[in-house]
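What follows is a short report on a single structure.
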Amino acid sequence: MKLELYQIDAFTEEIFHGNPACVVPLKNWLPDEILLKIASENAVAETAFFIDNGNTIHLRWFTPEIEMDLCGHATLATAHCLVSILNHQSNRMVFQTKSGELTVEVKDGFYYMDFPSRMPKESALPDIITQSLNIQPKEVFKSRDYVLVYESEEDIKKIKIERSVFDLINLDPGGVIVTAAGTDSDFVSRYFTPQSSILEDPVTGSAHCSLIPFWSSRLGKDKLFARQLSERGGQLYCENKNERVVVAGKARTYSVGHLWIE
């Protein structure tokens with residue numbers, strides 16, 4: 001079987017920046033074990049598989065290890081693939097996903113993704129995570145992910161993870177966000193996933209489902225500009241809308257090709 005395969009850099013205007021995702025259109029769902037093998041072979045943080053039924057688009061996301069409940073950058077990549085490569089006729093797309101109905105609107109090169117809000121609550125940090133960090137946070141919160149709040153952007157840049165300790169905990173499907181107020185942005189973050197082939201995710205749209213309501217409340221503003229401080233880096237344009245959040249960014253197509261499975 002021959003399938004189309006697109007690789008797209010999300011949350012960036014430049015190739016080799018942002019977060020790479022693979023996008024694979026399907027006519028019918030393949031067995032989950034095949035989808036997982038494809039994602040593993042692609043070896044990027046997420047592979048998105050979708051079936052376009054016209055009115056709605058069924059969308060699923062797989063890391064090289066597991067199926068995810070929500071992925072921002074692979075949703076952005078899918079929308080970019082549909083609009084810029086596959087000639088999707090509408091600038092508004094409706095995706096049916098494990099996280100419910102998600103909409104993406106395209107305007108002036110930006111993809112505006114409507115996602116659920118996940119306000120984190122105060123929490124205690126597991127000892128394994130504490131022991132894996134070279135700098136300890138000021139505050140700890142949790143939703144799907146642990147949200148560790150630090151004093152400054154400089155702290156976020158300096159954080160190192162002792163992976164041999166970090167990988168002793170399993171947070172599927174969550175991870176660990178480290179965040180602080182930004183110097184030339186409203187807030188900055190990084191995102192780490194234990195027991196994952198990719199320890200640090202370059203740009204994590206789904207993490208902003210928690211970061212947006214958190215920083216909106218703390219800074220007293222609904223529209224925010226965020227940076228993710230991974231090596232590749234990324235920019236996210238955010239809006240808090242109470243029960244929902246909007247996460248927006250741009251994307252660039254890196255490659256167009258095919259894959260073959262038996």
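Every chain in the structure tokens has a letter given in the order shown (A, B, ...), and although residue numbers restart at 1 in each chain, ligands are simply numbered from 1 in the order shown.
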
Fewer than 3 positions away in the same chain doesn't count, so skip those; otherwise give me all residues within 6 Å of stretch 7-17 of chain A, counting only C-alpha atoms, as a PyMOL selection string.
-> chain A and resi 20-22+73+77+232+234-235+249-255

Just write the chosen residues, C-alpha atoms, as a short mmCIF file (atom, residue, chain, number, x, y, z; two decimals), in the first residue's frame.
```cif
data_model
loop_
_atom_site.label_atom_id
_atom_site.label_comp_id
_atom_site.auth_asym_id
_atom_site.auth_seq_id
_atom_site.Cartn_x
_atom_site.Cartn_y
_atom_site.Cartn_z
CA PRO A 20 8.39 18.94 12.79
CA ALA A 21 5.33 16.74 12.31
CA CYS A 22 4.51 14.14 9.70
CA HIS A 73 1.75 21.21 16.38
CA ALA A 77 0.67 20.79 10.41
CA ARG A 232 14.69 24.78 17.40
CA GLY A 234 8.91 28.40 18.28
CA GLN A 235 6.41 31.25 18.57
CA GLY A 249 1.08 29.95 14.63
CA LYS A 250 2.53 29.57 11.17
CA ALA A 251 4.04 26.58 9.35
CA ARG A 252 6.36 25.61 6.52
CA THR A 253 6.37 22.49 4.37
CA TYR A 254 9.68 20.63 4.58
CA SER A 255 9.08 17.56 2.40
#
```

Please, which residues of stretch 76-237 of chain A, numbered as in this document, come out strand (DSSP E) from DSSP, as JSON, numbers by chain?
-> {"A": [92, 93, 94, 95, 96, 97, 100, 101, 102, 103, 104, 105, 106, 107, 110, 111, 112, 113, 114, 115, 116, 121, 122, 139, 140, 141, 142, 146, 147, 148, 149, 176, 177, 178, 179, 180, 181, 187, 188, 189, 190, 191, 192, 200, 201, 223, 224, 225, 226, 227, 228, 234, 235, 236, 237]}

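Near A:Ser99, within a cut-off of 12 Å and counting only C-alpha atoms, sit the residues His58, Leu59, Arg60, Trp61, Met68, Asp69, Leu70, Cys71, Gly72, Thr75, Asp114, Phe115, Pro116, Ser117, Arg118, Ser206 and Cys209 of chain A, with same-chain residues fewer than 5 positions away left out.
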
Those same residues - N, CA, C and O atoms - I'd like them written as a PDB file, in the first residue's frame.
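The resulting file, out05.pdb, is reproduced below:
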```
ATOM      1  N   HIS A  58     -11.581  13.460  10.511  1.00  0.00           N
ATOM      2  CA  HIS A  58     -11.210  12.655  11.676  1.00  0.00           C
ATOM      3  C   HIS A  58      -9.682  12.636  11.786  1.00  0.00           C
ATOM      4  O   HIS A  58      -8.983  12.298  10.827  1.00  0.00           O
ATOM      5  N   LEU A  59      -9.198  13.007  12.961  1.00  0.00           N
ATOM      6  CA  LEU A  59      -7.769  13.240  13.157  1.00  0.00           C
ATOM      7  C   LEU A  59      -7.277  12.497  14.392  1.00  0.00           C
ATOM      8  O   LEU A  59      -7.899  12.539  15.454  1.00  0.00           O
ATOM      9  N   ARG A  60      -6.131  11.818  14.241  1.00  0.00           N
ATOM     10  CA  ARG A  60      -5.484  11.133  15.358  1.00  0.00           C
ATOM     11  C   ARG A  60      -3.998  11.463  15.343  1.00  0.00           C
ATOM     12  O   ARG A  60      -3.420  11.731  14.285  1.00  0.00           O
ATOM     13  N   TRP A  61      -3.378  11.400  16.536  1.00  0.00           N
ATOM     14  CA  TRP A  61      -1.963  11.748  16.672  1.00  0.00           C
ATOM     15  C   TRP A  61      -1.212  10.606  17.359  1.00  0.00           C
ATOM     16  O   TRP A  61      -1.643  10.108  18.391  1.00  0.00           O
ATOM     17  N   MET A  68      -1.658   9.912  21.275  1.00  0.00           N
ATOM     18  CA  MET A  68      -1.865  11.051  22.159  1.00  0.00           C
ATOM     19  C   MET A  68      -3.329  11.472  22.175  1.00  0.00           C
ATOM     20  O   MET A  68      -4.068  11.243  21.218  1.00  0.00           O
ATOM     21  N   ASP A  69      -3.718  12.135  23.277  1.00  0.00           N
ATOM     22  CA  ASP A  69      -5.084  12.642  23.383  1.00  0.00           C
ATOM     23  C   ASP A  69      -5.239  14.000  22.712  1.00  0.00           C
ATOM     24  O   ASP A  69      -6.342  14.402  22.338  1.00  0.00           O
ATOM     25  N   LEU A  70      -4.129  14.723  22.544  1.00  0.00           N
ATOM     26  CA  LEU A  70      -4.173  16.054  21.931  1.00  0.00           C
ATOM     27  C   LEU A  70      -2.767  16.449  21.511  1.00  0.00           C
ATOM     28  O   LEU A  70      -1.812  16.241  22.257  1.00  0.00           O
ATOM     29  N   CYS A  71      -2.650  17.024  20.322  1.00  0.00           N
ATOM     30  CA  CYS A  71      -1.348  17.518  19.862  1.00  0.00           C
ATOM     31  C   CYS A  71      -1.558  18.782  19.044  1.00  0.00           C
ATOM     32  O   CYS A  71      -2.238  18.760  18.019  1.00  0.00           O
ATOM     33  N   GLY A  72      -0.964  19.870  19.500  1.00  0.00           N
ATOM     34  CA  GLY A  72      -1.136  21.148  18.824  1.00  0.00           C
ATOM     35  C   GLY A  72      -0.363  21.262  17.528  1.00  0.00           C
ATOM     36  O   GLY A  72      -0.919  21.630  16.489  1.00  0.00           O
ATOM     37  N   THR A  75      -1.678  19.168  14.712  1.00  0.00           N
ATOM     38  CA  THR A  75      -2.945  19.697  14.209  1.00  0.00           C
ATOM     39  C   THR A  75      -2.683  20.867  13.275  1.00  0.00           C
ATOM     40  O   THR A  75      -3.276  20.967  12.190  1.00  0.00           O
ATOM     41  N   ASP A 114      -8.644  26.195  17.975  1.00  0.00           N
ATOM     42  CA  ASP A 114      -9.530  26.297  19.130  1.00  0.00           C
ATOM     43  C   ASP A 114      -9.444  25.010  19.938  1.00  0.00           C
ATOM     44  O   ASP A 114      -9.878  23.946  19.487  1.00  0.00           O
ATOM     45  N   PHE A 115      -8.861  25.097  21.139  1.00  0.00           N
ATOM     46  CA  PHE A 115      -8.573  23.933  21.966  1.00  0.00           C
ATOM     47  C   PHE A 115      -9.255  24.049  23.332  1.00  0.00           C
ATOM     48  O   PHE A 115      -9.620  25.146  23.765  1.00  0.00           O
ATOM     49  N   PRO A 116      -9.406  22.928  24.042  1.00  0.00           N
ATOM     50  CA  PRO A 116      -9.941  22.993  25.407  1.00  0.00           C
ATOM     51  C   PRO A 116      -8.963  23.658  26.359  1.00  0.00           C
ATOM     52  O   PRO A 116      -7.744  23.535  26.215  1.00  0.00           O
ATOM     53  N   SER A 117      -9.513  24.385  27.332  1.00  0.00           N
ATOM     54  CA  SER A 117      -8.691  24.986  28.389  1.00  0.00           C
ATOM     55  C   SER A 117      -8.461  23.953  29.484  1.00  0.00           C
ATOM     56  O   SER A 117      -9.387  23.236  29.876  1.00  0.00           O
ATOM     57  N   ARG A 118      -7.224  23.894  29.987  1.00  0.00           N
ATOM     58  CA  ARG A 118      -6.879  22.954  31.059  1.00  0.00           C
ATOM     59  C   ARG A 118      -6.133  23.708  32.154  1.00  0.00           C
ATOM     60  O   ARG A 118      -4.907  23.635  32.253  1.00  0.00           O
ATOM     61  N   SER A 206      -0.242  21.632  22.762  1.00  0.00           N
ATOM     62  CA  SER A 206      -1.172  21.139  23.784  1.00  0.00           C
ATOM     63  C   SER A 206      -0.795  21.613  25.186  1.00  0.00           C
ATOM     64  O   SER A 206      -1.672  21.794  26.036  1.00  0.00           O
ATOM     65  N   CYS A 209      -2.603  24.640  26.423  1.00  0.00           N
ATOM     66  CA  CYS A 209      -3.963  24.540  26.970  1.00  0.00           C
ATOM     67  C   CYS A 209      -3.955  24.816  28.465  1.00  0.00           C
ATOM     68  O   CYS A 209      -4.962  25.253  29.032  1.00  0.00           O
TER      69      CYS A 209
END
```

Which of these residues is nearest to A:Gln96, using only C-alpha atoms: A:Phe187, A:Tyr6, A:Phe50, A:Trp29?
-> A:Phe50

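Picture a line from atom CA of A:Ser230 to atom CA of A:Lys98; it runs 27.1 Å.
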
Quick one: pull the distance between atom CA of A:Ser196 and atom CA of A:Glu33, Å, one decimal.
-> 17.6 Å

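Comparing the minimum interatomic distances between A:Gly109 and each of A:Ala248, A:Leu30, A:Ile156, A:Ile135, counting only C-alpha atoms, we find that A:Ala248 sits nearest.
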
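Among the candidates A:Ser216, A:Thr78, A:Thr63, A:Ser210, the one nearest to A:Val94 when counting only C-alpha atoms is A:Thr78.
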
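With only C-alpha atoms as the atoms that count, the residue of A:Asp172, A:Glu67, A:Asp108, A:Asp52 with the shortest distance to A:Met93 is A:Asp52.
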
Please give the complete set of residues from stretch 7-231 of chain A that DSSP, run on the backbone, assigns to alpha helix (DSSP H), formatted as an NGL selection string.
-> :A and (32-42 or 72-84 or 127-132 or 153-158 or 163-166 or 208-219)

So which residues touch A:Asp222 within 9 Å, counting only C-alpha atoms, skipping near sequence neighbours fewer than 3 positions away, as a PyMOL selection string?
-> chain A and resi 212-213+215-217+219+238-241

Preceding selection exported with N, CA, C and O atoms as an mmCIF file, in the first residue's frame:
```
data_model
loop_
_atom_site.group_PDB
_atom_site.id
_atom_site.type_symbol
_atom_site.label_atom_id
_atom_site.label_comp_id
_atom_site.auth_asym_id
_atom_site.auth_seq_id
_atom_site.Cartn_x
_atom_site.Cartn_y
_atom_site.Cartn_z
ATOM 1 N N ILE A 212 -1.846 28.898 28.842
ATOM 2 C CA ILE A 212 -2.614 30.109 28.503
ATOM 3 C C ILE A 212 -3.515 30.536 29.656
ATOM 4 O O ILE A 212 -3.452 31.705 30.089
ATOM 5 N N PRO A 213 -4.391 29.660 30.196
ATOM 6 C CA PRO A 213 -5.210 30.130 31.325
ATOM 7 C C PRO A 213 -4.375 30.507 32.550
ATOM 8 O O PRO A 213 -4.716 31.449 33.270
ATOM 9 N N TRP A 215 -1.188 31.782 32.681
ATOM 10 C CA TRP A 215 -0.537 33.083 32.538
ATOM 11 C C TRP A 215 -1.532 34.204 32.293
ATOM 12 O O TRP A 215 -1.295 35.357 32.667
ATOM 13 N N SER A 216 -2.671 33.888 31.684
ATOM 14 C CA SER A 216 -3.720 34.891 31.529
ATOM 15 C C SER A 216 -4.194 35.386 32.888
ATOM 16 O O SER A 216 -4.349 36.591 33.122
ATOM 17 N N SER A 217 -4.402 34.439 33.807
ATOM 18 C CA SER A 217 -4.821 34.808 35.163
ATOM 19 C C SER A 217 -3.726 35.570 35.893
ATOM 20 O O SER A 217 -3.977 36.580 36.555
ATOM 21 N N LEU A 219 -1.122 37.290 34.653
ATOM 22 C CA LEU A 219 -0.734 38.571 34.050
ATOM 23 C C LEU A 219 -1.914 39.515 33.843
ATOM 24 O O LEU A 219 -1.725 40.673 33.489
ATOM 25 N N CYS A 238 -1.467 33.469 21.458
ATOM 26 C CA CYS A 238 -2.418 32.792 22.332
ATOM 27 C C CYS A 238 -3.548 33.722 22.768
ATOM 28 O O CYS A 238 -3.355 34.937 22.915
ATOM 29 N N GLU A 239 -4.706 33.117 23.013
ATOM 30 C CA GLU A 239 -5.825 33.864 23.558
ATOM 31 C C GLU A 239 -6.594 32.981 24.527
ATOM 32 O O GLU A 239 -6.908 31.827 24.223
ATOM 33 N N ASN A 240 -6.899 33.549 25.696
ATOM 34 C CA ASN A 240 -7.705 32.864 26.693
ATOM 35 C C ASN A 240 -9.176 33.199 26.462
ATOM 36 O O ASN A 240 -9.553 34.365 26.376
ATOM 37 N N LYS A 241 -10.014 32.142 26.357
ATOM 38 C CA LYS A 241 -11.449 32.339 26.126
ATOM 39 C C LYS A 241 -12.262 31.508 27.112
ATOM 40 O O LYS A 241 -13.200 30.816 26.752
#
```

7 Å contact set for A:Glu139, only C-alpha atoms, chain neighbours under 2 positions out, as a VMD selection string | chain A and resid 137 141 148 to 149

Export, as a short mmCIF file (atom, residue, chain, number, x, y, z; two decimals), in the first residue's frame, the selected residues with C-alpha atoms.
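Printed below is again-v6.cif as written:
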```cif
data_model
loop_
_atom_site.label_atom_id
_atom_site.label_comp_id
_atom_site.auth_asym_id
_atom_site.auth_seq_id
_atom_site.Cartn_x
_atom_site.Cartn_y
_atom_site.Cartn_z
CA PRO A 137 10.74 25.39 40.71
CA PHE A 141 0.80 22.87 39.36
CA LEU A 148 6.67 24.01 37.06
CA VAL A 149 6.92 27.78 37.52
#
```

Do a neighbour search on stretch 178-182 of chain A at 9 Å with only C-alpha atoms, toss out local chain neighbours closer than 5 positions, and write the hits as a PyMOL selection string.
-> chain A and resi 137+146-156+159+187-192+211+215+226-227

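Residues in contact with A:Phe225 at 7 Å, where only C-alpha atoms are counted and same-chain residues fewer than 5 positions away are skipped, are listed as Ser185, Asp186, Leu236, Tyr237 and Cys238 of chain A.
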